[in-house]
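For reference, the structure is listed below as structure tokens.
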Amino acid sequence: MKVLVTGGLGFIGSHTVVELQNEGFEVVIIDNLSNSSEEVLKGIVAITGKTPIFEKMDLREKSAVQNFFKKHSDINGVIHFAASKAVNESVENPLLYYENNINTLVYILQELQQKPEAHFIFSSSCTVYGEADVMPITEDAPIKEALSPYGNTKQIGEEIINEACKVSGINAILLRYFNPMGAHPTAEIGELPIGVPQNLIPFITQTGIGLRQELSVYGDDYPTPDGTCIRDYIHVVDLAKAHVIALQRLMNKKNIAKVEVFNLGTGTGRSVLEVINTFEKVSGQKLPYKVVGRREGDIISAYANTDKANKVLGWKAKSTLEQALTSAWKWEQKIRS
């Protein structure tokens with residue numbers, strides 16, 4: 001089966017392409033290279049021995065999306081990653097986020113709804129829960145008012161998918177992930193942010209390698225055991241495998257609803273200082289950091305209840321925080337050598 005992976009040269013997208021190809025899927029990648037590089041293709045080929053089809057295009061161009069689906073009329077499975085994803089940037093530039101994250105989703109769904117049957121996996125986020133009342137967070141937790149335009153685009157995106165599936169042959173799975181991290185164990189692909197990283201782990205590894213002078217810890221006065229924010233850090237390879245399992249679930253008609261939702265995390269919350277201390281252990285590096293003011297849009301704590309994904313999808317995160325950080329450090333050392 002031929003599958004479209006949008007944003008397939010990005011961090012999670014590229015790892016998912018690897019897992020899809022390992023399972024025998026023919027993959028077509030769309031990426032506009034706004035936060036990725038065509039060099040990632042070499043890493044995918046090095047791992048799998050297969051070259052995916054790659055089309056450089058901007059999904060905000062509706063006519064380009066229409067032409068793509070005419071050209072690849074046999075595609076009826078889509079894993080949709082392409083989106084802007086930095087909370088802080090979304091606060092500063094909300095209209096970019098609404099254009100990039102909402103318009104592109106609509107254009108793809110408009111093409112899929114013309115097919116008698118289509119399978120759609122959506123890259124959602126735990127940000128849809130906002131500041132949750134109860135930990136760990138289950139899929140039944142209320143969707144609260146978003147704390148950032150980024151989080152709002154994920155909430156709106158989920159609503160759009162639900163409405164589209166009601167009136168079409170599209171079946172969808174919404175995967176709400178917590179905090180992806182790490183790199184492929186081969187160190188052929190990994191997280192490669194353009195400019196200053198917005199995520200904690202690449203900021204840690206870039207500081208460890210000497211690219212950044214010091215790490216900024218955004219606030220140490222939160223109501224948590226050590227005062228820093230708590231997140232659920234999941235290895236990107238575990239996350240990628242879940243997308244393949246979700247797609248196969250739809251293809252095999254195992255889904256029990258037109259739209260299903262699953263949390264993807266480890267089920268364990270780790271504070272920023274815990275992650276820093278663990279990195280220092282696995283790398284042998286002392287990490288210079290300073291505490292700065294809180295960052296707008298950040299929530300205090302978020303970690304997943306993964307019972308539903310474990311039981312219904314038959315998926316479970318297997319890698320430890322130590323293993324994930326070790327892979328991220330190995331990747332950072334490789335790309336800087």
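By order in the structure tokens, chains are A, B, ...; within a chain, residues start at 1; ligands start at 1, following the order shown.
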
**Request:** Find the residues around range 190-194 of chain A up to 10 Å (only C-alpha atoms counted), leave out those fewer than 2 positions away in its own chain, and share them as a ChimeraX atom specification.
**Result:** /A:10-12,14-15,34-37,40,43,180-188,196-199,201-203,236-237,327-332,335

Please save N, CA and C atoms of the selected residues as a short mmCIF file (atom, residue, chain, number, x, y, z; two decimals), in the first residue's frame.
data_model
loop_
_atom_site.label_atom_id
_atom_site.label_comp_id
_atom_site.auth_asym_id
_atom_site.auth_seq_id
_atom_site.Cartn_x
_atom_site.Cartn_y
_atom_site.Cartn_z
N GLY A 10 10.74 15.60 8.66
CA GLY A 10 10.89 16.16 10.01
C GLY A 10 11.28 15.09 11.01
N PHE A 11 11.32 15.50 12.26
CA PHE A 11 11.82 14.63 13.34
C PHE A 11 10.97 13.35 13.48
N ILE A 12 9.71 13.49 13.80
CA ILE A 12 8.86 12.30 14.00
C ILE A 12 8.53 11.67 12.65
N SER A 14 10.27 11.45 9.83
CA SER A 14 11.33 10.63 9.24
C SER A 14 11.44 9.27 9.94
N HIS A 15 11.29 9.27 11.26
CA HIS A 15 11.34 8.00 11.99
C HIS A 15 10.13 7.11 11.64
N SER A 34 10.85 23.55 5.62
CA SER A 34 10.91 24.76 6.47
C SER A 34 11.60 24.47 7.80
N ASN A 35 11.53 23.22 8.25
CA ASN A 35 12.20 22.86 9.50
C ASN A 35 12.84 21.48 9.38
N SER A 36 13.37 21.21 8.18
CA SER A 36 14.00 19.91 7.92
C SER A 36 14.97 20.07 6.76
N SER A 37 15.56 18.97 6.35
CA SER A 37 16.56 19.02 5.28
C SER A 37 16.41 17.80 4.38
N VAL A 40 18.02 14.34 5.13
CA VAL A 40 17.38 13.30 5.96
C VAL A 40 17.06 12.07 5.11
N GLY A 43 19.64 9.43 5.32
CA GLY A 43 19.57 8.64 6.55
C GLY A 43 18.51 7.56 6.49
N PRO A 180 8.07 13.96 22.48
CA PRO A 180 8.98 13.10 21.72
C PRO A 180 10.44 13.53 21.88
N MET A 181 11.32 12.57 21.90
CA MET A 181 12.74 12.86 22.06
C MET A 181 13.56 11.69 21.54
N GLY A 182 14.88 11.88 21.53
CA GLY A 182 15.78 10.79 21.14
C GLY A 182 16.08 10.81 19.65
N ALA A 183 16.65 9.71 19.17
CA ALA A 183 17.04 9.58 17.76
C ALA A 183 17.08 8.09 17.43
N HIS A 184 17.15 7.80 16.14
CA HIS A 184 17.25 6.39 15.73
C HIS A 184 18.55 5.81 16.28
N PRO A 185 18.52 4.55 16.75
CA PRO A 185 19.74 3.98 17.36
C PRO A 185 20.94 3.92 16.43
N THR A 186 20.71 3.97 15.11
CA THR A 186 21.82 3.99 14.15
C THR A 186 22.50 5.35 14.09
N ALA A 187 21.85 6.39 14.65
CA ALA A 187 22.30 7.78 14.54
C ALA A 187 22.32 8.27 13.10
N GLU A 188 21.52 7.65 12.25
CA GLU A 188 21.40 8.11 10.86
C GLU A 188 20.37 9.24 10.73
N VAL A 196 17.59 28.25 16.90
CA VAL A 196 17.62 27.92 18.33
C VAL A 196 16.50 26.93 18.63
N PRO A 197 16.83 25.80 19.28
CA PRO A 197 15.80 24.79 19.54
C PRO A 197 14.70 25.33 20.45
N GLN A 198 13.47 24.90 20.18
CA GLN A 198 12.33 25.25 21.03
C GLN A 198 12.05 24.13 22.03
N ASN A 199 12.58 22.94 21.76
CA ASN A 199 12.35 21.78 22.63
C ASN A 199 13.54 21.57 23.57
N ILE A 201 15.17 18.78 24.73
CA ILE A 201 16.24 17.80 24.51
C ILE A 201 17.31 18.30 23.55
N PRO A 202 16.96 18.83 22.36
CA PRO A 202 18.03 19.34 21.50
C PRO A 202 18.77 20.53 22.11
N PHE A 203 18.10 21.30 22.96
CA PHE A 203 18.79 22.39 23.65
C PHE A 203 19.82 21.81 24.63
N VAL A 236 11.30 8.66 20.28
CA VAL A 236 10.69 8.88 18.96
C VAL A 236 10.47 7.59 18.19
N VAL A 237 11.31 6.58 18.40
CA VAL A 237 11.11 5.30 17.69
C VAL A 237 9.86 4.59 18.22
N SER A 327 20.57 8.01 22.93
CA SER A 327 20.43 8.07 21.46
C SER A 327 20.49 9.52 20.96
N ALA A 328 19.88 10.44 21.71
CA ALA A 328 19.92 11.86 21.32
C ALA A 328 21.34 12.39 21.38
N TRP A 329 22.11 11.99 22.38
CA TRP A 329 23.49 12.43 22.54
C TRP A 329 24.39 11.84 21.45
N LYS A 330 24.16 10.57 21.11
CA LYS A 330 24.91 9.91 20.04
C LYS A 330 24.67 10.63 18.70
N TRP A 331 23.43 11.01 18.46
CA TRP A 331 23.07 11.74 17.24
C TRP A 331 23.74 13.12 17.21
N GLU A 332 23.69 13.83 18.32
CA GLU A 332 24.29 15.16 18.39
C GLU A 332 25.79 15.09 18.13
N ILE A 335 26.44 14.49 14.29
CA ILE A 335 26.22 15.59 13.35
C ILE A 335 27.20 16.75 13.57
#

**Message:** Env of Ile230 in chain A: 7 Å cut, atoms = only C-alpha atoms, seq-sep filter 4 positions within chain, self excluded. Answer as a PyMOL selection string.
**Reply:** chain A and resi 269-272+300-302

What are the closest atom pairs, with distances in Å to one decimal, for all residues of range 76-109 of chain A lying within 12 Å of range 291-297 of chain A? Consider only C-alpha atoms, order rows by chain and residue number, and present the result as JSON lines.
{"residue": "A:Ala86", "atom": "CA", "partner": "A:Gly297", "partner_atom": "CA", "distance": 10.1}
{"residue": "A:Val87", "atom": "CA", "partner": "A:Gly297", "partner_atom": "CA", "distance": 6.4}
{"residue": "A:Asn88", "atom": "CA", "partner": "A:Glu296", "partner_atom": "CA", "distance": 6.6}
{"residue": "A:Glu89", "atom": "CA", "partner": "A:Gly297", "partner_atom": "CA", "distance": 10.0}
{"residue": "A:Ser90", "atom": "CA", "partner": "A:Gly297", "partner_atom": "CA", "distance": 9.2}
{"residue": "A:Val91", "atom": "CA", "partner": "A:Gly297", "partner_atom": "CA", "distance": 7.4}
{"residue": "A:Glu92", "atom": "CA", "partner": "A:Glu296", "partner_atom": "CA", "distance": 9.9}

**Message:** Using DSSP assignments from the backbone, pull out every residue in range 221-337 of chain A that falls under alpha helix (DSSP H) and give it to me as a ChimeraX atom specification.
**Reply:** /A:236-251,272-283,307-308,321-336

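Of the listed residues (A:Ile75, A:Ala83, A:Asp221, A:Ile156), A:Ile75 comes nearest to Gln114 in chain A; the distances count only C-alpha atoms.
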
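Nearest to Phe120 in chain A of all the residues A:Gly7, A:Pro52, A:Gly208, A:Gly169 is A:Gly169, based on only C-alpha atoms.
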
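Atom to atom, CA of Ile143 in chain A and CA of Ser84 in chain A stand 20.7 Å apart.
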
With a cut-off of 10 Å, could you pull out the residues of range 19-79 of chain A touching range 246-250 of chain A and give me the nearest pair of atoms for each, distance in Å to one decimal, using only C-alpha atoms, ordered by chain and ascending number, as a Markdown table?
| residue | atom | partner | partner_atom | distance |
| --- | --- | --- | --- | --- |
| A:Leu20 | CA | A:Leu247 | CA | 9.6 |
| A:Gly77 | CA | A:Leu247 | CA | 7.6 |
| A:Val78 | CA | A:Leu247 | CA | 8.5 |
| A:Ile79 | CA | A:Leu247 | CA | 8.1 |

Would you put the residues from that selection into a file with all heavy atoms, as a short mmCIF file (atom, residue, chain, number, x, y, z; two decimals), in the first residue's frame?
data_model
loop_
_atom_site.label_atom_id
_atom_site.label_comp_id
_atom_site.auth_asym_id
_atom_site.auth_seq_id
_atom_site.Cartn_x
_atom_site.Cartn_y
_atom_site.Cartn_z
N LEU A 20 7.51 2.54 8.57
CA LEU A 20 6.59 2.15 7.49
C LEU A 20 7.31 1.32 6.44
O LEU A 20 6.81 0.28 5.99
CB LEU A 20 5.99 3.40 6.83
CG LEU A 20 4.90 4.14 7.61
CD1 LEU A 20 4.67 5.53 7.01
CD2 LEU A 20 3.59 3.35 7.62
N GLY A 77 -4.12 6.36 2.20
CA GLY A 77 -3.64 6.39 3.58
C GLY A 77 -2.72 7.57 3.78
O GLY A 77 -1.78 7.76 3.00
N VAL A 78 -3.00 8.40 4.78
CA VAL A 78 -2.19 9.60 5.04
C VAL A 78 -1.84 9.67 6.52
O VAL A 78 -2.71 9.49 7.39
CB VAL A 78 -2.96 10.89 4.65
CG1 VAL A 78 -2.14 12.14 5.01
CG2 VAL A 78 -3.29 10.90 3.16
N ILE A 79 -0.57 9.90 6.80
CA ILE A 79 -0.13 10.25 8.15
C ILE A 79 0.31 11.71 8.09
O ILE A 79 1.25 12.05 7.37
CB ILE A 79 1.00 9.34 8.65
CG1 ILE A 79 0.57 7.86 8.61
CG2 ILE A 79 1.41 9.72 10.07
CD1 ILE A 79 1.61 6.88 9.10
#

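With only C-alpha atoms as the atoms that count, the minimum distance from Ala141 in chain A to the choices A:Val18, A:Leu105, A:Ala172, A:Val261 is reached by A:Val261.
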
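One finds CA of Ile102 in chain A at 18.8 Å from CA of Val167 in chain A.
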
**Message:** To test your reading of the structure, identify every residue in range 1-206 of chain A that backbone DSSP assigns to strand (DSSP E), and report it as a PyMOL selection string.
**Reply:** chain A and resi 2-6+26-31+53-56+77-80+118-125+170-177+179-181

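Each of A:Ala304, A:Cys165, A:Val244, A:Leu215 was compared to Glu117 in chain A using only C-alpha atoms, and A:Cys165 turns out to be the nearest.
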
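Between CA of Asp307 in chain A and CA of Phe262 in chain A the interatomic distance comes to 9.3 Å.
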
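Counting only C-alpha atoms, the residue from A:Asn103, A:Glu38, A:Gln110, A:Arg176 that sits nearest to Val128 in chain A is A:Arg176.
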